[in-house]
Amino acid sequence: MNDAASPHRAVSRKSMVIAAFSTIVEWYDFTLYLYVATILSRVFFGEGAASLITTLGGFAIAYLMRPIGAIFFGHVGDRHGRRTMMLLSMAVMTAAMLATALLPTRAQIGPAAGWLLLLFRCVMGFSVGGEYTGVVAYLLEGAPPGRRGLIASLAAAASEVGALLAVGVSALTVSLMSEAALTGWGWRIPFFVGAGLAGSVWVARSAMEESPEFERQKARGTVPESPLRHTLANHRIGIARSFAISALGSITYYVGITYVPTFLTSAGRLGEGDSLWLSTAAAVVVILVTPLTGLLSDRVGRKPVLIAIAALGAALPMAMFLLMASGSPQRALVGAIVLAGVAGAYSAVGAVATAEQFPGEGRLSGLAFGATAATAVFGGLTPYLAQLLMVRTGSPLVPGAMIAIVAVAVLPVLFTMSETRPVRVPAET
């Protein structure tokens, strides 16, 4: 379902740029934790494989807060406006990042340090719950209908710029500091950078316009009194489809991209610095792939593009993880780049396709129940599960098999779903 037939007014270019590129901060702040997971495990939980699994488990727990945050911020966005929601979520994110940067370590206060780290990761997960879907909805509602795929994909591209920035800052920090300095105080640097970026985005968002879709709802008196109840009563199929679409997008991204540095360090026999630089190259690939795929979906439709990429997700990941486990930096680079291309392309189209499953009324709440819930399960839990299963089985094929299984399960949903790309561009009023 989509609301392409309704009267449309595009928002200003300034507001669109602020919305699209503010996802840089969101993804920097949240993926940073995975990129420095091996360092944080030593600083907050001590040495050993169990500490790394605990650290990744903290990421999973924080991800379980995303649906709760999405429901809360979705209600705010559907009831009081997209702009209000995005200002509030970024304020919470800024506070969580700054608090993390200032945390005492295990050496200073003992096991309580680890619990505090997990607490602030949960606050971060709560705030991120409303961020990405809110931005995608804002871009979709403010873009010309014939360019929704391209413009919504900019959020995915910008988010990967944030991930690129996170992995780049992490790689520089690791490469330029001694082990003693890194575990003593250097690990704080990337988090201070994130807090500064988040605060800057909050200031920029204060100048954004409200979504024209929400203004339309206010003018017509169709703003839902209870967005959550409205969505659950009227858009259950949309929730189910957005869950399925986002499930594959989440596991390809979080296992196929952000888990890769940990995989390369633990199974690929590469150092932390080399693993992070390989992930930097993969992030560049995603930035290049996402707008091209979004544009393609505007030309040929969301459905055929999603089906083609899902087929690649079923066929390629196990072979790519086997390459990365070989110990060869060259083979690892090939595997990381291929996985990044698949994940980036799918995320670009999946973002707009999930948002188009709902009309403007209750859209953010629908995405909270569908897309964000899937991200919590197939994004937050899967790096932890991949590492745990790989340690227990000794097989580097496990992460790729996880992606392939989800791709095969999602393909029937993609084949049976309706096309959501607008078939015509209505005349603007």
# chains A, B, ... in the order shown; residues from 1 in each chain; ligands from 1
$ residues_around --residues "Ile68 of chain A" --least-positions-apart "3" --cutoff "10 Å" --atoms "only C-alpha atoms" --output "PDB file with C-alpha atoms, in the first residue's frame"
ATOM      1  CA  TYR A  63      18.999  -4.286  20.043  1.00  0.00           C
ATOM      2  CA  LEU A  64      16.042  -5.731  21.869  1.00  0.00           C
ATOM      3  CA  MET A  65      15.396  -2.173  23.057  1.00  0.00           C
ATOM      4  CA  ILE A  71       6.959   1.934  19.375  1.00  0.00           C
ATOM      5  CA  PHE A  72       7.499   4.927  21.669  1.00  0.00           C
ATOM      6  CA  PHE A  73       8.986   7.210  19.018  1.00  0.00           C
ATOM      7  CA  GLY A  74       6.574   5.875  16.394  1.00  0.00           C
ATOM      8  CA  GLY A 125      19.189   1.033  21.291  1.00  0.00           C
ATOM      9  CA  PHE A 126      16.031   2.701  22.571  1.00  0.00           C
ATOM     10  CA  SER A 127      16.877   5.993  20.841  1.00  0.00           C
ATOM     11  CA  GLY A 129      14.626   2.534  17.476  1.00  0.00           C
ATOM     12  CA  GLY A 130      12.907   5.631  16.151  1.00  0.00           C
ATOM     13  CA  ALA A 368       7.954  -0.203  14.483  1.00  0.00           C
ATOM     14  CA  PHE A 369       5.934  -3.434  14.649  1.00  0.00           C
ATOM     15  CA  THR A 372      12.163  -2.553  13.579  1.00  0.00           C
ATOM     16  CA  ALA A 373      11.006  -5.743  15.279  1.00  0.00           C
ATOM     17  CA  ALA A 376      15.938  -6.466  16.652  1.00  0.00           C
TER      18      ALA A 376
END
$ residues_around --residues "segment 259-268 of chain A" --least-positions-apart "5" --cutoff "6 Å" --atoms "only C-alpha atoms" --output "list in words"
Tyr254, Ser275, Leu276, Met324, Ala325, Gly327 and Pro383 of chain A
$ write_last_selection --atoms "all heavy atoms" --output "compact mmCIF listing (two decimals), in the first residue's frame"
# COMPACT_ATOMS: atom_id res chain seq x y z
N TYR A 254 24.06 -6.90 9.26
CA TYR A 254 24.74 -7.05 10.54
C TYR A 254 25.66 -8.26 10.61
O TYR A 254 26.63 -8.25 11.36
CB TYR A 254 23.73 -7.05 11.68
CG TYR A 254 23.22 -5.67 11.93
CD1 TYR A 254 22.03 -5.24 11.37
CD2 TYR A 254 23.97 -4.76 12.67
CE1 TYR A 254 21.57 -3.95 11.57
CE2 TYR A 254 23.52 -3.47 12.87
CZ TYR A 254 22.32 -3.07 12.31
OH TYR A 254 21.88 -1.79 12.50
N SER A 275 41.63 -5.96 9.82
CA SER A 275 40.21 -6.28 9.69
C SER A 275 39.36 -5.02 9.55
O SER A 275 38.43 -4.96 8.74
CB SER A 275 39.74 -7.07 10.92
OG SER A 275 40.44 -8.30 11.02
N LEU A 276 39.70 -4.00 10.31
CA LEU A 276 38.95 -2.75 10.24
C LEU A 276 39.17 -2.04 8.91
O LEU A 276 38.24 -1.44 8.35
CB LEU A 276 39.35 -1.84 11.40
CG LEU A 276 38.83 -2.29 12.78
CD1 LEU A 276 39.47 -1.47 13.89
CD2 LEU A 276 37.32 -2.18 12.86
N MET A 324 36.96 -15.42 3.33
CA MET A 324 37.48 -14.55 4.38
C MET A 324 38.20 -15.32 5.47
O MET A 324 39.05 -14.78 6.17
CB MET A 324 36.35 -13.71 4.97
CG MET A 324 35.79 -12.66 4.02
SD MET A 324 34.67 -11.49 4.81
CE MET A 324 33.31 -12.55 5.26
N ALA A 325 37.88 -16.61 5.63
CA ALA A 325 38.52 -17.43 6.65
C ALA A 325 39.84 -18.02 6.19
O ALA A 325 40.53 -18.68 6.97
CB ALA A 325 37.58 -18.55 7.08
N GLY A 327 42.67 -16.68 5.56
CA GLY A 327 43.89 -16.06 6.06
C GLY A 327 44.56 -15.16 5.05
O GLY A 327 45.52 -14.46 5.38
N PRO A 383 24.85 -11.28 15.16
CA PRO A 383 26.31 -11.30 15.37
C PRO A 383 26.71 -12.16 16.56
O PRO A 383 27.67 -12.93 16.51
CB PRO A 383 26.67 -9.83 15.59
CG PRO A 383 25.59 -9.08 14.89
CD PRO A 383 24.35 -9.89 15.10
$ closest_residue --among "A:Ile39, A:Leu197, A:Leu411, A:Cys122" --to "Leu248 of chain A" --atoms "only C-alpha atoms"
A:Leu411
$ closest_residue --among "A:Val338, A:Leu414, A:Ala113, A:Ala319" --to "Pro304 of chain A" --atoms "only C-alpha atoms"
A:Leu414
$ atom_distance --atom1 "atom CA of Gly199 of chain A" --atom2 "atom CA of Thr94 of chain A"
5.7 Å
$ residues_around --residues "segment 349-356 of chain A" --least-positions-apart "6" --cutoff "8 Å" --atoms "only C-alpha atoms" --output "JSON, numbers by chain"
{"A": [1, 2, 3, 133, 136, 137, 140, 148, 149, 152, 153, 156, 241, 242, 245, 246, 249, 293, 294, 297, 302, 305, 306, 363, 367, 371, 420]}
$ write_last_selection --atoms "N, CA, C and O atoms" --output "mmCIF file, in the first residue's frame"
data_model
loop_
_atom_site.group_PDB
_atom_site.id
_atom_site.type_symbol
_atom_site.label_atom_id
_atom_site.label_comp_id
_atom_site.auth_asym_id
_atom_site.auth_seq_id
_atom_site.Cartn_x
_atom_site.Cartn_y
_atom_site.Cartn_z
ATOM 1 N N MET A 1 0.854 -1.191 0.000
ATOM 2 C CA MET A 1 0.000 0.000 0.000
ATOM 3 C C MET A 1 0.879 1.227 0.000
ATOM 4 O O MET A 1 1.905 1.269 0.657
ATOM 5 N N ASN A 2 0.463 2.271 -0.736
ATOM 6 C CA ASN A 2 1.180 3.525 -0.678
ATOM 7 C C ASN A 2 0.204 4.651 -0.865
ATOM 8 O O ASN A 2 -0.924 4.478 -1.274
ATOM 9 N N ASP A 3 0.643 5.857 -0.564
ATOM 10 C CA ASP A 3 -0.208 7.021 -0.655
ATOM 11 C C ASP A 3 0.227 7.933 -1.773
ATOM 12 O O ASP A 3 0.134 9.131 -1.702
ATOM 13 N N THR A 133 13.849 4.438 10.753
ATOM 14 C CA THR A 133 12.526 4.377 10.123
ATOM 15 C C THR A 133 11.899 5.768 10.051
ATOM 16 O O THR A 133 11.182 6.086 9.094
ATOM 17 N N VAL A 136 13.582 7.511 7.060
ATOM 18 C CA VAL A 136 13.101 6.955 5.786
ATOM 19 C C VAL A 136 11.679 7.425 5.497
ATOM 20 O O VAL A 136 11.360 7.812 4.359
ATOM 21 N N ALA A 137 10.810 7.417 6.507
ATOM 22 C CA ALA A 137 9.438 7.887 6.311
ATOM 23 C C ALA A 137 9.422 9.360 5.923
ATOM 24 O O ALA A 137 8.666 9.770 5.037
ATOM 25 N N LEU A 140 10.583 9.645 2.278
ATOM 26 C CA LEU A 140 9.557 9.132 1.371
ATOM 27 C C LEU A 140 8.399 10.123 1.249
ATOM 28 O O LEU A 140 7.896 10.371 0.150
ATOM 29 N N ARG A 148 11.120 8.293 -5.113
ATOM 30 C CA ARG A 148 11.150 7.823 -3.734
ATOM 31 C C ARG A 148 12.263 6.806 -3.487
ATOM 32 O O ARG A 148 12.930 6.829 -2.448
ATOM 33 N N GLY A 149 12.461 5.882 -4.409
ATOM 34 C CA GLY A 149 13.486 4.864 -4.222
ATOM 35 C C GLY A 149 14.867 5.471 -4.112
ATOM 36 O O GLY A 149 15.648 5.120 -3.231
ATOM 37 N N ALA A 152 15.001 7.822 -0.780
ATOM 38 C CA ALA A 152 15.017 7.022 0.448
ATOM 39 C C ALA A 152 16.303 6.231 0.569
ATOM 40 O O ALA A 152 16.800 6.000 1.682
ATOM 41 N N SER A 153 16.878 5.829 -0.574
ATOM 42 C CA SER A 153 18.140 5.086 -0.514
ATOM 43 C C SER A 153 19.281 5.949 -0.009
ATOM 44 O O SER A 153 20.300 5.426 0.460
ATOM 45 N N ALA A 156 20.086 5.102 3.436
ATOM 46 C CA ALA A 156 20.934 3.916 3.565
ATOM 47 C C ALA A 156 22.379 4.251 3.225
ATOM 48 O O ALA A 156 23.312 3.801 3.906
ATOM 49 N N ARG A 241 4.655 -8.174 6.043
ATOM 50 C CA ARG A 241 5.550 -8.027 4.887
ATOM 51 C C ARG A 241 6.783 -7.200 5.241
ATOM 52 O O ARG A 241 7.905 -7.528 4.831
ATOM 53 N N SER A 242 6.586 -6.121 5.970
ATOM 54 C CA SER A 242 7.736 -5.289 6.326
ATOM 55 C C SER A 242 8.681 -6.050 7.256
ATOM 56 O O SER A 242 9.906 -5.860 7.204
ATOM 57 N N ILE A 245 10.701 -8.396 4.836
ATOM 58 C CA ILE A 245 11.669 -7.635 4.042
ATOM 59 C C ILE A 245 12.846 -7.202 4.910
ATOM 60 O O ILE A 245 14.015 -7.337 4.530
ATOM 61 N N SER A 246 12.547 -6.689 6.091
ATOM 62 C CA SER A 246 13.590 -6.184 6.966
ATOM 63 C C SER A 246 14.414 -7.302 7.596
ATOM 64 O O SER A 246 15.591 -7.088 7.933
ATOM 65 N N GLY A 249 17.175 -7.900 5.169
ATOM 66 C CA GLY A 249 18.037 -6.730 5.147
ATOM 67 C C GLY A 249 18.899 -6.630 6.394
ATOM 68 O O GLY A 249 20.079 -6.264 6.330
ATOM 69 N N THR A 293 21.024 1.317 -6.702
ATOM 70 C CA THR A 293 19.957 0.338 -6.547
ATOM 71 C C THR A 293 18.624 1.024 -6.293
ATOM 72 O O THR A 293 17.575 0.583 -6.794
ATOM 73 N N GLY A 294 18.642 2.103 -5.497
ATOM 74 C CA GLY A 294 17.410 2.862 -5.279
ATOM 75 C C GLY A 294 16.860 3.431 -6.569
ATOM 76 O O GLY A 294 15.647 3.392 -6.821
ATOM 77 N N SER A 297 15.251 0.730 -8.614
ATOM 78 C CA SER A 297 13.916 0.353 -8.135
ATOM 79 C C SER A 297 12.857 1.357 -8.557
ATOM 80 O O SER A 297 11.675 1.010 -8.675
ATOM 81 N N ARG A 302 10.151 -2.152 -7.046
ATOM 82 C CA ARG A 302 10.804 -2.680 -5.848
ATOM 83 C C ARG A 302 10.885 -4.205 -5.886
ATOM 84 O O ARG A 302 11.896 -4.797 -5.535
ATOM 85 N N VAL A 305 13.692 -6.100 -8.039
ATOM 86 C CA VAL A 305 15.028 -5.821 -7.503
ATOM 87 C C VAL A 305 15.244 -6.585 -6.198
ATOM 88 O O VAL A 305 16.294 -7.197 -5.990
ATOM 89 N N LEU A 306 14.242 -6.570 -5.314
ATOM 90 C CA LEU A 306 14.362 -7.303 -4.056
ATOM 91 C C LEU A 306 14.526 -8.800 -4.292
ATOM 92 O O LEU A 306 15.327 -9.466 -3.626
ATOM 93 N N ARG A 363 2.072 5.235 9.809
ATOM 94 C CA ARG A 363 3.212 4.636 9.104
ATOM 95 C C ARG A 363 4.357 4.293 10.051
ATOM 96 O O ARG A 363 4.932 3.196 9.977
ATOM 97 N N LEU A 367 5.940 0.547 10.903
ATOM 98 C CA LEU A 367 7.351 0.205 10.752
ATOM 99 C C LEU A 367 7.944 -0.288 12.065
ATOM 100 O O LEU A 367 8.838 -1.139 12.072
ATOM 101 N N ALA A 371 9.267 -3.611 10.576
ATOM 102 C CA ALA A 371 10.675 -3.499 10.213
ATOM 103 C C ALA A 371 11.598 -3.479 11.426
ATOM 104 O O ALA A 371 12.607 -4.186 11.469
ATOM 105 N N THR A 420 4.947 -1.833 -4.958
ATOM 106 C CA THR A 420 4.595 -0.595 -4.257
ATOM 107 C C THR A 420 5.120 0.657 -4.954
ATOM 108 O O THR A 420 4.792 1.766 -4.535
#
$ atom_distance --atom1 "atom CA of Ala60 of chain A" --atom2 "atom CA of Phe30 of chain A"
11.7 Å
$ atom_distance --atom1 "atom CA of Ile53 of chain A" --atom2 "atom CA of Ser159 of chain A"
25.7 Å
$ closest_atom_pairs --of "segment 247-324 of chain A" --to "segment 394-405 of chain A" --cutoff "7 Å" --atoms "only C-alpha atoms" --output "tab-separated table"
residue	atom	partner	partner_atom	distance
A:Ile251	CA	A:Ile403	CA	6.1
A:Thr252	CA	A:Ile403	CA	6.1
A:Val255	CA	A:Pro399	CA	6.6
A:Ala267	CA	A:Pro396	CA	6.9
A:Gly313	CA	A:Ala404	CA	5.8
A:Ala314	CA	A:Ala404	CA	4.1
A:Ala315	CA	A:Ala404	CA	6.8
A:Pro317	CA	A:Gly400	CA	4.4
A:Met318	CA	A:Gly400	CA	4.0
A:Phe321	CA	A:Gly400	CA	6.0
A:Leu322	CA	A:Leu397	CA	6.1
$ select_by_dssp --residues "segment 291-419 of chain A" --states "alpha helix (DSSP H)" --output "ChimeraX atom specification"
/A:291-300,302-315,317-324,329-355,363-367,373-375,381-393,398-416
$ residues_around --residues "Gly57 of chain A" --least-positions-apart "2" --cutoff "10 Å" --atoms "only C-alpha atoms" --output "NGL selection string"
:A and (51-55 or 59-63 or 118 or 380-385 or 388)
$ residues_around --residues "Ile287 of chain A" --least-positions-apart "5" --cutoff "7 Å" --atoms "only C-alpha atoms" --output "JSON, numbers by chain"
{"A": [157, 160, 161]}
$ decode --residues "segment 340-352 of chain A" --atoms "N, CA, C and O atoms" --output "CSV table (one decimal), in the first residue's frame"
chain,number,residue,atom,x,y,z
A,340,ALA,N,29.2,-6.9,1.1
A,340,ALA,CA,28.8,-5.5,1.3
A,340,ALA,C,27.9,-5.1,0.2
A,340,ALA,O,26.9,-4.3,0.4
A,341,GLY,N,28.2,-5.5,-1.0
A,341,GLY,CA,27.4,-5.1,-2.2
A,341,GLY,C,26.0,-5.7,-2.1
A,341,GLY,O,25.0,-5.0,-2.4
A,342,VAL,N,25.9,-6.9,-1.7
A,342,VAL,CA,24.6,-7.6,-1.6
A,342,VAL,C,23.8,-6.9,-0.5
A,342,VAL,O,22.6,-6.5,-0.6
A,343,ALA,N,24.4,-6.7,0.7
A,343,ALA,CA,23.7,-6.1,1.8
A,343,ALA,C,23.3,-4.7,1.5
A,343,ALA,O,22.2,-4.2,1.9
A,344,GLY,N,24.2,-3.9,0.9
A,344,GLY,CA,23.9,-2.5,0.7
A,344,GLY,C,22.8,-2.3,-0.4
A,344,GLY,O,21.9,-1.5,-0.2
A,345,ALA,N,22.8,-3.2,-1.4
A,345,ALA,CA,21.7,-3.1,-2.4
A,345,ALA,C,20.4,-3.5,-1.9
A,345,ALA,O,19.4,-2.8,-2.1
A,346,TYR,N,20.3,-4.5,-1.1
A,346,TYR,CA,19.1,-4.9,-0.5
A,346,TYR,C,18.5,-3.9,0.5
A,346,TYR,O,17.3,-3.6,0.5
A,347,SER,N,19.4,-3.3,1.3
A,347,SER,CA,18.9,-2.3,2.3
A,347,SER,C,18.4,-1.1,1.6
A,347,SER,O,17.4,-0.5,2.1
A,348,ALA,N,19.0,-0.7,0.5
A,348,ALA,CA,18.5,0.5,-0.2
A,348,ALA,C,17.1,0.4,-0.7
A,348,ALA,O,16.3,1.3,-0.5
A,349,VAL,N,16.7,-0.8,-1.2
A,349,VAL,CA,15.4,-1.0,-1.7
A,349,VAL,C,14.4,-1.4,-0.6
A,349,VAL,O,13.2,-1.0,-0.6
A,350,GLY,N,14.9,-2.2,0.4
A,350,GLY,CA,14.1,-2.6,1.5
A,350,GLY,C,13.6,-1.5,2.3
A,350,GLY,O,12.5,-1.5,2.8
A,351,ALA,N,14.4,-0.4,2.4
A,351,ALA,CA,13.9,0.8,3.2
A,351,ALA,C,12.7,1.4,2.6
A,351,ALA,O,11.7,1.6,3.4
A,352,VAL,N,12.7,1.7,1.3
A,352,VAL,CA,11.5,2.3,0.8
A,352,VAL,C,10.3,1.3,0.6
A,352,VAL,O,9.2,1.7,0.8
